[in-house]
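Quick look at final.tsv (TSV, N, CA and C atoms):
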chain	number	residue	atom	x	y	z
A	98	MET	N	0.85	-1.18	0.00
A	98	MET	CA	0.00	0.00	0.00
A	98	MET	C	0.89	1.23	0.00
A	99	LYS	N	0.56	2.16	-0.85
A	99	LYS	CA	1.33	3.39	-0.95
A	99	LYS	C	1.15	4.23	0.31
A	100	HIS	N	2.19	4.98	0.65
A	100	HIS	CA	2.13	5.81	1.85
A	100	HIS	C	1.77	7.26	1.54
A	101	ASN	N	1.74	7.64	0.28
A	101	ASN	CA	1.49	9.03	-0.07
A	101	ASN	C	0.13	9.23	-0.75
A	102	MET	N	-0.85	8.48	-0.33
A	102	MET	CA	-2.18	8.64	-0.90
A	102	MET	C	-2.80	9.95	-0.42
A	103	GLN	N	-3.74	10.46	-1.20
A	103	GLN	CA	-4.43	11.70	-0.86
A	103	GLN	C	-5.39	11.48	0.32
A	104	GLN	N	-5.43	12.39	1.24
A	104	GLN	CA	-6.36	12.29	2.36
A	104	GLN	C	-7.70	12.94	2.04
A	105	GLN	N	-7.72	13.83	1.07
A	105	GLN	CA	-8.96	14.45	0.61
A	105	GLN	C	-8.90	14.58	-0.90
A	106	LEU	N	-10.06	14.63	-1.51
A	106	LEU	CA	-10.13	14.88	-2.94
A	106	LEU	C	-10.18	16.39	-3.13
A	107	SER	N	-9.17	16.95	-3.75
A	107	SER	CA	-9.02	18.40	-3.83
A	107	SER	C	-9.74	19.02	-5.03
A	108	TRP	N	-10.51	18.25	-5.73
A	108	TRP	CA	-11.24	18.74	-6.90
A	108	TRP	C	-12.62	18.10	-6.92
A	109	GLU	N	-13.49	18.69	-7.71
A	109	GLU	CA	-14.86	18.19	-7.84
A	109	GLU	C	-15.14	17.89	-9.30
A	110	LEU	N	-16.16	17.15	-9.53
A	110	LEU	CA	-16.63	16.85	-10.87
A	110	LEU	C	-17.58	17.97	-11.30
A	111	ASP	N	-17.27	18.61	-12.41
A	111	ASP	CA	-18.14	19.64	-12.97
A	111	ASP	C	-18.86	19.07	-14.20
A	112	ILE	N	-20.09	19.47	-14.36
A	112	ILE	CA	-20.88	19.06	-15.52
A	112	ILE	C	-21.08	20.28	-16.41
A	113	LYS	N	-20.65	20.16	-17.66
A	113	LYS	CA	-20.75	21.26	-18.62
A	113	LYS	C	-21.57	20.80	-19.82
A	114	PRO	N	-22.34	21.70	-20.40
A	114	PRO	CA	-23.09	21.32	-21.60
A	114	PRO	C	-22.14	21.12	-22.78
A	115	VAL	N	-22.47	20.18	-23.64
A	115	VAL	CA	-21.73	20.00	-24.88
A	115	VAL	C	-22.48	20.76	-25.96
A	116	ILE	N	-21.83	21.74	-26.54
A	116	ILE	CA	-22.48	22.61	-27.54
A	116	ILE	C	-21.92	22.27	-28.91
A	117	VAL	N	-22.81	21.92	-29.81
A	117	VAL	CA	-22.43	21.63	-31.18
A	117	VAL	C	-23.15	22.64	-32.07
A	118	ARG	N	-22.38	23.38	-32.84
A	118	ARG	CA	-22.95	24.41	-33.70
A	118	ARG	C	-23.99	23.79	-34.64
A	119	GLY	N	-25.17	24.42	-34.67
A	119	GLY	CA	-26.23	23.97	-35.55
A	119	GLY	C	-27.12	22.89	-34.98
A	120	ILE	N	-26.79	22.41	-33.76
A	120	ILE	CA	-27.61	21.37	-33.13
A	120	ILE	C	-28.07	21.88	-31.77
A	121	ASP	N	-29.37	22.04	-31.62
A	121	ASP	CA	-29.92	22.46	-30.34
A	121	ASP	C	-30.28	21.25	-29.49
A	122	GLY	N	-29.96	21.33	-28.21
A	122	GLY	CA	-30.37	20.29	-27.27
A	122	GLY	C	-29.92	18.90	-27.66
A	123	ASN	N	-28.61	18.70	-27.80
A	123	ASN	CA	-28.10	17.39	-28.22
A	123	ASN	C	-28.15	16.34	-27.12
A	124	GLY	N	-28.51	16.75	-25.90
A	124	GLY	CA	-28.64	15.79	-24.80
A	124	GLY	C	-27.34	15.26	-24.25
A	125	LYS	N	-26.23	15.92	-24.55
A	125	LYS	CA	-24.92	15.47	-24.08
A	125	LYS	C	-24.35	16.45	-23.07
A	126	GLN	N	-23.54	15.92	-22.16
A	126	GLN	CA	-22.86	16.75	-21.17
A	126	GLN	C	-21.43	16.27	-21.02
A	127	ALA	N	-20.55	17.20	-20.71
A	127	ALA	CA	-19.14	16.88	-20.48
A	127	ALA	C	-18.91	16.80	-18.98
A	128	LEU	N	-18.19	15.78	-18.54
A	128	LEU	CA	-17.77	15.65	-17.15
A	128	LEU	C	-16.30	16.07	-17.11
A	129	VAL	N	-16.01	17.16	-16.38
A	129	VAL	CA	-14.66	17.71	-16.34
A	129	VAL	C	-14.21	17.92	-14.90
A	130	ARG	N	-12.90	17.95	-14.71
A	130	ARG	CA	-12.33	18.24	-13.40
A	130	ARG	C	-12.46	19.73	-13.12
A	131	SER	N	-12.81	20.09	-11.88
A	131	SER	CA	-12.96	21.50	-11.51
A	131	SER	C	-11.61	22.20	-11.36
A	132	ASP	N	-10.54	21.46	-11.09
A	132	ASP	CA	-9.24	22.09	-10.84
A	132	ASP	C	-8.47	22.43	-12.11
A	133	ASN	N	-8.61	21.62	-13.15
A	133	ASN	CA	-7.83	21.88	-14.36
A	133	ASN	C	-8.66	21.84	-15.65
A	134	GLY	N	-9.95	21.58	-15.53
A	134	GLY	CA	-10.83	21.55	-16.69
A	134	GLY	C	-10.65	20.35	-17.60
A	135	LYS	N	-9.86	19.37	-17.18
A	135	LYS	CA	-9.59	18.19	-18.01
A	135	LYS	C	-10.87	17.39	-18.22
A	136	LEU	N	-11.12	17.04	-19.47
A	136	LEU	CA	-12.29	16.25	-19.84
A	136	LEU	C	-12.13	14.82	-19.34
A	137	LEU	N	-13.12	14.31	-18.61
A	137	LEU	CA	-13.11	12.94	-18.14
A	137	LEU	C	-14.01	12.05	-18.97
A	138	SER	N	-15.13	12.62	-19.45
A	138	SER	CA	-16.07	11.81	-20.21
A	138	SER	C	-17.14	12.71	-20.83
A	139	ILE	N	-17.80	12.19	-21.85
A	139	ILE	CA	-18.99	12.80	-22.43
A	139	ILE	C	-20.13	11.81	-22.20
A	140	ARG	N	-21.20	12.28	-21.61
A	140	ARG	CA	-22.33	11.41	-21.26
A	140	ARG	C	-23.63	12.06	-21.67
A	141	SER	N	-24.70	11.26	-21.65
A	141	SER	CA	-26.03	11.83	-21.90
A	141	SER	C	-26.46	12.64	-20.69
A	142	ASN	N	-27.43	13.50	-20.87
A	142	ASN	CA	-27.91	14.29	-19.74
A	142	ASN	C	-28.80	13.47	-18.81
A	143	GLN	N	-28.95	12.19	-19.09
A	143	GLN	CA	-29.69	11.27	-18.21
A	143	GLN	C	-28.76	10.57	-17.22
A	144	TYR	N	-27.47	10.78	-17.35
A	144	TYR	CA	-26.48	10.15	-16.47
A	144	TYR	C	-26.35	10.95	-15.17
A	145	TYR	N	-26.37	10.26	-14.05
A	145	TYR	CA	-26.26	10.91	-12.74
A	145	TYR	C	-24.97	10.42	-12.06
A	146	PRO	N	-23.94	11.25	-12.05
A	146	PRO	CA	-22.66	10.82	-11.48
A	146	PRO	C	-22.65	10.84	-9.95
A	147	VAL	N	-21.70	10.11	-9.40
A	147	VAL	CA	-21.38	10.20	-7.98
A	147	VAL	C	-20.25	11.22	-7.88
A	148	PHE	N	-20.51	12.33	-7.22
A	148	PHE	CA	-19.54	13.41	-7.12
A	148	PHE	C	-18.49	13.08	-6.06
A	149	ASN	N	-17.36	13.79	-6.10
A	149	ASN	CA	-16.32	13.60	-5.09
A	149	ASN	C	-16.83	13.96	-3.70
A	150	ARG	N	-17.70	14.95	-3.60
A	150	ARG	CA	-18.26	15.30	-2.29
A	150	ARG	C	-19.08	14.13	-1.72
A	151	ASP	N	-19.69	13.33	-2.61
A	151	ASP	CA	-20.40	12.14	-2.16
A	151	ASP	C	-19.43	11.10	-1.61
A	152	MET	N	-18.27	10.97	-2.25
A	152	MET	CA	-17.24	10.06	-1.74
A	152	MET	C	-16.77	10.50	-0.36
A	153	GLU	N	-16.65	11.81	-0.16
A	153	GLU	CA	-16.24	12.33	1.16
A	153	GLU	C	-17.31	12.01	2.22
A	154	LEU	N	-18.57	12.12	1.86
A	154	LEU	CA	-19.65	11.78	2.80
A	154	LEU	C	-19.63	10.29	3.14
A	155	ILE	N	-19.41	9.45	2.15
A	155	ILE	CA	-19.30	8.01	2.39
A	155	ILE	C	-18.14	7.73	3.33
A	156	LYS	N	-17.01	8.41	3.08
A	156	LYS	CA	-15.83	8.25	3.95
A	156	LYS	C	-16.17	8.59	5.39
A	157	GLU	N	-16.83	9.72	5.60
A	157	GLU	CA	-17.18	10.14	6.97
A	157	GLU	C	-18.12	9.15	7.65
A	158	ARG	N	-19.06	8.61	6.91
A	158	ARG	CA	-20.00	7.63	7.48
A	158	ARG	C	-19.27	6.35	7.89
A	159	ILE	N	-18.34	5.91	7.05
A	159	ILE	CA	-17.57	4.70	7.38
A	159	ILE	C	-16.70	4.95	8.60
A	160	LEU	N	-16.05	6.10	8.66
A	160	LEU	CA	-15.19	6.42	9.82
A	160	LEU	C	-16.00	6.55	11.10
A	161	ALA	N	-17.24	6.98	11.00
A	161	ALA	CA	-18.10	7.13	12.19
A	161	ALA	C	-18.40	5.79	12.85
A	162	THR	N	-18.23	4.69	12.14
A	162	THR	CA	-18.45	3.36	12.73
A	162	THR	C	-17.33	2.96	13.68
A	163	ASN	N	-16.17	3.63	13.58
A	163	ASN	CA	-14.97	3.29	14.34
A	163	ASN	C	-14.45	1.88	14.06
A	164	MET	N	-14.87	1.30	12.94
A	164	MET	CA	-14.39	-0.03	12.56
A	164	MET	C	-13.23	0.03	11.57
A	165	PHE	N	-12.99	1.22	11.01
A	165	PHE	CA	-11.97	1.38	9.98
A	165	PHE	C	-11.17	2.65	10.20
A	166	SER	N	-9.94	2.63	9.73
A	166	SER	CA	-9.15	3.86	9.64
A	166	SER	C	-8.96	4.15	8.15
A	167	PHE	N	-8.97	5.42	7.81
A	167	PHE	CA	-8.87	5.83	6.41
A	167	PHE	C	-7.41	5.92	6.01
A	168	LYS	N	-7.03	5.23	4.95
A	168	LYS	CA	-5.65	5.24	4.47
A	168	LYS	C	-5.44	6.24	3.34
A	169	GLY	N	-6.49	6.50	2.56
A	169	GLY	CA	-6.35	7.51	1.53
A	169	GLY	C	-7.07	7.17	0.24
A	170	TYR	N	-7.06	8.16	-0.66
A	170	TYR	CA	-7.63	8.03	-2.00
A	170	TYR	C	-6.51	7.79	-2.99
A	171	GLU	N	-6.81	7.04	-4.00
A	171	GLU	CA	-5.89	6.86	-5.12
A	171	GLU	C	-6.65	7.17	-6.40
A	172	GLU	N	-6.08	8.03	-7.24
A	172	GLU	CA	-6.69	8.39	-8.52
A	172	GLU	C	-6.00	7.63	-9.64
A	173	PHE	N	-6.80	7.19	-10.61
A	173	PHE	CA	-6.28	6.50	-11.77
A	173	PHE	C	-6.77	7.21	-13.02
A	174	GLN	N	-5.97	7.17	-14.07
A	174	GLN	CA	-6.32	7.78	-15.35
A	174	GLN	C	-6.76	9.24	-15.20
A	175	HIS	N	-5.96	9.98	-14.47
A	175	HIS	CA	-6.19	11.43	-14.28
A	175	HIS	C	-7.52	11.75	-13.59
A	176	GLY	N	-8.02	10.83	-12.77
A	176	GLY	CA	-9.26	11.07	-12.03
A	176	GLY	C	-10.47	10.39	-12.61
A	177	LYS	N	-10.29	9.62	-13.68
A	177	LYS	CA	-11.43	8.90	-14.25
A	177	LYS	C	-11.92	7.81	-13.30
A	178	ARG	N	-11.02	7.29	-12.51
A	178	ARG	CA	-11.36	6.30	-11.47
A	178	ARG	C	-10.74	6.73	-10.16
A	179	ILE	N	-11.50	6.54	-9.09
A	179	ILE	CA	-11.03	6.88	-7.75
A	179	ILE	C	-11.32	5.71	-6.82
A	180	LEU	N	-10.34	5.34	-6.04
A	180	LEU	CA	-10.51	4.31	-5.02
A	180	LEU	C	-10.21	4.91	-3.65
A	181	ALA	N	-11.03	4.56	-2.67
A	181	ALA	CA	-10.80	4.97	-1.28
A	181	ALA	C	-10.48	3.71	-0.48
A	182	PHE	N	-9.40	3.74	0.30
A	182	PHE	CA	-8.94	2.58	1.05
A	182	PHE	C	-9.16	2.79	2.55
A	183	PHE	N	-9.81	1.82	3.18
A	183	PHE	CA	-10.07	1.84	4.61
A	183	PHE	C	-9.50	0.56	5.21
A	184	GLU	N	-8.67	0.71	6.25
A	184	GLU	CA	-8.10	-0.47	6.91
A	184	GLU	C	-9.03	-0.93	8.03
A	185	ASN	N	-9.31	-2.22	8.03
A	185	ASN	CA	-10.18	-2.82	9.03
A	185	ASN	C	-9.45	-2.86	10.38
A	186	ARG	N	-10.12	-2.39	11.42
A	186	ARG	CA	-9.52	-2.39	12.76
A	186	ARG	C	-9.82	-3.68	13.53
A	187	GLY	N	-10.71	-4.49	13.01
A	187	GLY	CA	-11.07	-5.72	13.72
A	187	GLY	C	-11.73	-6.70	12.78
A	188	GLN	N	-12.71	-7.40	13.28
A	188	GLN	CA	-13.43	-8.38	12.47
A	188	GLN	C	-14.74	-7.77	11.99
A	189	PHE	N	-14.74	-7.27	10.79
A	189	PHE	CA	-15.93	-6.70	10.19
A	189	PHE	C	-16.39	-7.59	9.05
A	190	LYS	N	-17.69	-7.77	8.93
A	190	LYS	CA	-18.24	-8.58	7.84
A	190	LYS	C	-19.09	-7.71	6.94
A	191	LEU	N	-18.95	-7.93	5.64
A	191	LEU	CA	-19.72	-7.24	4.62
A	191	LEU	C	-20.45	-8.31	3.82
A	192	CYS	N	-21.79	-8.31	3.91
A	192	CYS	CA	-22.62	-9.33	3.23
A	192	CYS	C	-22.19	-10.74	3.63
A	193	GLY	N	-21.86	-10.90	4.90
A	193	GLY	CA	-21.50	-12.21	5.42
A	193	GLY	C	-20.06	-12.62	5.21
A	194	GLN	N	-19.28	-11.83	4.49
A	194	GLN	CA	-17.88	-12.14	4.24
A	194	GLN	C	-17.00	-11.27	5.12
A	195	ALA	N	-16.01	-11.88	5.72
A	195	ALA	CA	-15.07	-11.12	6.55
A	195	ALA	C	-14.23	-10.19	5.70
A	196	VAL	N	-14.10	-8.95	6.14
A	196	VAL	CA	-13.19	-8.00	5.50
A	196	VAL	C	-11.90	-8.12	6.29
A	197	LYS	N	-10.93	-8.84	5.72
A	197	LYS	CA	-9.72	-9.19	6.47
A	197	LYS	C	-8.74	-8.04	6.62
A	198	ASP	N	-8.62	-7.21	5.62
A	198	ASP	CA	-7.66	-6.12	5.75
A	198	ASP	C	-8.22	-4.79	5.28
A	199	PHE	N	-8.54	-4.65	4.01
A	199	PHE	CA	-8.98	-3.36	3.49
A	199	PHE	C	-10.37	-3.42	2.89
A	200	LEU	N	-11.15	-2.40	3.19
A	200	LEU	CA	-12.42	-2.14	2.53
A	200	LEU	C	-12.12	-1.08	1.48
A	201	ILE	N	-12.63	-1.27	0.27
A	201	ILE	CA	-12.35	-0.35	-0.82
A	201	ILE	C	-13.66	0.15	-1.39
A	202	ILE	N	-13.77	1.46	-1.52
A	202	ILE	CA	-14.90	2.09	-2.18
A	202	ILE	C	-14.36	2.64	-3.50
A	203	GLY	N	-15.00	2.28	-4.60
A	203	GLY	CA	-14.54	2.71	-5.91
A	203	GLY	C	-15.61	3.48	-6.66
A	204	ASN	N	-15.16	4.41	-7.48
A	204	ASN	CA	-16.07	5.22	-8.29
A	204	ASN	C	-15.36	5.55	-9.60
A	205	SER	N	-16.14	5.68	-10.67
A	205	SER	CA	-15.55	6.11	-11.93
A	205	SER	C	-16.29	7.33	-12.44
A	206	HIS	N	-15.53	8.25	-13.03
A	206	HIS	CA	-16.11	9.44	-13.64
A	206	HIS	C	-16.17	9.29	-15.16
A	207	ASP	N	-15.85	8.10	-15.66
A	207	ASP	CA	-15.95	7.85	-17.09
A	207	ASP	C	-17.04	6.81	-17.39
A	208	THR	N	-17.83	6.49	-16.38
A	208	THR	CA	-18.94	5.53	-16.43
A	208	THR	C	-18.50	4.11	-16.79
A	209	SER	N	-17.21	3.79	-16.62
A	209	SER	CA	-16.76	2.43	-16.88
A	209	SER	C	-17.21	1.46	-15.79
A	210	SER	N	-17.54	1.98	-14.62
A	210	SER	CA	-18.08	1.15	-13.56
A	210	SER	C	-18.96	2.01	-12.66
A	211	LYS	N	-19.81	1.35	-11.91
A	211	LYS	CA	-20.65	2.04	-10.95
A	211	LYS	C	-19.91	2.15	-9.62
A	212	LEU	N	-20.48	2.90	-8.71
A	212	LEU	CA	-19.94	2.95	-7.35
A	212	LEU	C	-19.94	1.53	-6.81
A	213	PHE	N	-18.83	1.10	-6.20
A	213	PHE	CA	-18.78	-0.26	-5.66
A	213	PHE	C	-18.06	-0.28	-4.32
A	214	ILE	N	-18.36	-1.34	-3.57
A	214	ILE	CA	-17.72	-1.60	-2.28
A	214	ILE	C	-17.18	-3.02	-2.36
A	215	ALA	N	-15.93	-3.19	-1.98
A	215	ALA	CA	-15.32	-4.52	-2.03
A	215	ALA	C	-14.22	-4.59	-0.99
A	216	ASN	N	-13.70	-5.80	-0.79
A	216	ASN	CA	-12.48	-5.91	-0.01
A	216	ASN	C	-11.37	-6.32	-0.95
A	217	LEU	N	-10.15	-6.13	-0.54
A	217	LEU	CA	-9.00	-6.33	-1.41
A	217	LEU	C	-8.94	-7.76	-1.93
A	218	GLN	N	-9.26	-8.74	-1.09
A	218	GLN	CA	-9.21	-10.13	-1.53
A	218	GLN	C	-10.20	-10.40	-2.65
A	219	ASP	N	-11.40	-9.82	-2.57
A	219	ASP	CA	-12.39	-10.02	-3.63
A	219	ASP	C	-11.90	-9.45	-4.95
A	220	LEU	N	-11.32	-8.26	-4.91
A	220	LEU	CA	-10.84	-7.64	-6.15
A	220	LEU	C	-9.73	-8.48	-6.78
A	221	GLU	N	-8.81	-8.95	-5.94
A	221	GLU	CA	-7.71	-9.75	-6.46
A	221	GLU	C	-8.20	-11.11	-6.95
A	222	ALA	N	-9.08	-11.75	-6.18
A	222	ALA	CA	-9.55	-13.10	-6.53
A	222	ALA	C	-10.41	-13.10	-7.78
A	223	ASN	N	-11.25	-12.09	-7.94
A	223	ASN	CA	-12.14	-12.04	-9.09
A	223	ASN	C	-11.57	-11.27	-10.26
A	224	ASN	N	-10.35	-10.73	-10.07
A	224	ASN	CA	-9.69	-9.97	-11.12
A	224	ASN	C	-10.59	-8.85	-11.64
A	225	ASN	N	-11.35	-8.22	-10.73
A	225	ASN	CA	-12.28	-7.16	-11.12
A	225	ASN	C	-11.59	-5.85	-11.44
A	226	PHE	N	-10.39	-5.67	-10.95
A	226	PHE	CA	-9.71	-4.40	-11.18
A	226	PHE	C	-8.26	-4.72	-11.52
A	227	HIS	N	-7.81	-4.31	-12.68
A	227	HIS	CA	-6.46	-4.59	-13.13
A	227	HIS	C	-5.55	-3.46	-12.68
A	228	TRP	N	-4.81	-3.68	-11.60
A	228	TRP	CA	-3.99	-2.63	-11.01
A	228	TRP	C	-2.96	-2.10	-12.00
A	229	GLN	N	-2.35	-2.97	-12.77
A	229	GLN	CA	-1.28	-2.55	-13.67
A	229	GLN	C	-1.79	-1.69	-14.82
A	230	SER	N	-3.03	-1.92	-15.25
A	230	SER	CA	-3.52	-1.20	-16.42
A	230	SER	C	-4.14	0.15	-16.06
A	231	HIS	N	-4.23	0.48	-14.80
A	231	HIS	CA	-4.84	1.74	-14.38
A	231	HIS	C	-3.84	2.53	-13.55
A	232	ARG	N	-2.86	3.04	-14.22
A	232	ARG	CA	-1.82	3.78	-13.52
A	232	ARG	C	-2.36	5.12	-13.03
A	233	ARG	N	-1.77	5.57	-11.95
A	233	ARG	CA	-2.19	6.85	-11.37
A	233	ARG	C	-1.91	7.96	-12.35
A	234	GLY	N	-2.90	8.88	-12.46
A	234	GLY	CA	-2.75	9.94	-13.45
A	234	GLY	C	-2.68	11.30	-12.92
Could you write out this file's structure as C-alpha cells?
Amino acid sequence: MKHNMQQQLSWELDIKPVIVRGIDGNGKQALVRSDNGKLLSIRSNQYYPVFNRDMELIKERILATNMFSFKGYEEFQHGKRILAFFENRGQFKLCGQAVKDFLIIGNSHDTSSKLFIANLQDLEANNNFHWQSHRRG
C-alpha cells in the first residue's frame, strides 16, 4: 500500500453542456475536473454521477463506525477512477464475508463502472480491477 495517498479529494466533478454548432439540445454533457478543466467523459444528460463530495460523505460515514481507519484516496487515469482505502480495525463482515484487511470504495467518472464496495481479496480473486492497467494519473 502506498504511503502518499491523498487524504482528501481536492477537486470536484463539474458538468458542462456539450455545444455543437447547428444542433440544439443534443442531450450530451461533459464531465470535467474542476481544478484543471480536463475532460473525463462525455455522457447523456440522463447520467447521474457520484460526485467527489459524495465520496467524502461516504468516507465520513464509514469512519463514524470506528471499525476502519482511512488510508487515503488513489486516482487512476487522471481522475477517471477513484478508489478509497479503509483499513479494518477488527473483524468486520460485509454481506457475510469477513473483511480481512482493506475495505475499498470505488467510483468512476468515465462511467466504466458504478460505485462499488469490495475488499481487497475479492478484487484480487475475481480480477475485477487490473492494477497494472490503471496507472495513477
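With only C-alpha atoms as the basis for measurement, A:Lys113 is the residue among A:Arg178, A:Arg158, A:Lys113, A:Arg186 that approaches A:Val129 most closely.
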* Apply DSSP to the structure's backbone, then extract all residues of stretch 99-234 of chain A labelled alpha helix (DSSP H) and return them as a PyMOL selection string. => chain A and resi 149-161+217-223
* Structure fact -> With distances taken over only N, CA and C atoms, the candidate from A:Leu110, A:Met164, A:Leu180, A:Val117 nearest A:Arg150 is A:Leu110
Selection near A:Asn133, 12 Å with only C-alpha atoms, sequence-local residues under 5 positions removed, as an mmCIF file with N, CA and C atoms, in the coordinates of the input:
data_model
loop_
_atom_site.group_PDB
_atom_site.id
_atom_site.type_symbol
_atom_site.label_atom_id
_atom_site.label_comp_id
_atom_site.auth_asym_id
_atom_site.auth_seq_id
_atom_site.Cartn_x
_atom_site.Cartn_y
_atom_site.Cartn_z
ATOM 1 N N SER A 107 -9.170 16.950 -3.750
ATOM 2 C CA SER A 107 -9.020 18.400 -3.830
ATOM 3 C C SER A 107 -9.740 19.020 -5.030
ATOM 4 N N TRP A 108 -10.510 18.250 -5.730
ATOM 5 C CA TRP A 108 -11.240 18.740 -6.900
ATOM 6 C C TRP A 108 -12.620 18.100 -6.920
ATOM 7 N N GLU A 109 -13.490 18.690 -7.710
ATOM 8 C CA GLU A 109 -14.860 18.190 -7.840
ATOM 9 C C GLU A 109 -15.140 17.890 -9.300
ATOM 10 N N LEU A 110 -16.160 17.150 -9.530
ATOM 11 C CA LEU A 110 -16.630 16.850 -10.870
ATOM 12 C C LEU A 110 -17.580 17.970 -11.300
ATOM 13 N N ASP A 111 -17.270 18.610 -12.410
ATOM 14 C CA ASP A 111 -18.140 19.640 -12.970
ATOM 15 C C ASP A 111 -18.860 19.070 -14.200
ATOM 16 N N HIS A 175 -5.960 9.980 -14.470
ATOM 17 C CA HIS A 175 -6.190 11.430 -14.280
ATOM 18 C C HIS A 175 -7.520 11.750 -13.590
ATOM 19 N N GLY A 176 -8.020 10.830 -12.770
ATOM 20 C CA GLY A 176 -9.260 11.070 -12.030
ATOM 21 C C GLY A 176 -10.470 10.390 -12.610
#
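Of note, atom CA of A:Glu171 and atom CA of A:Met102 are spaced 5.9 Å apart.
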* Distance in Å - atom CA of A:Lys168 versus atom CA of A:Asp198 -> 11.6 Å
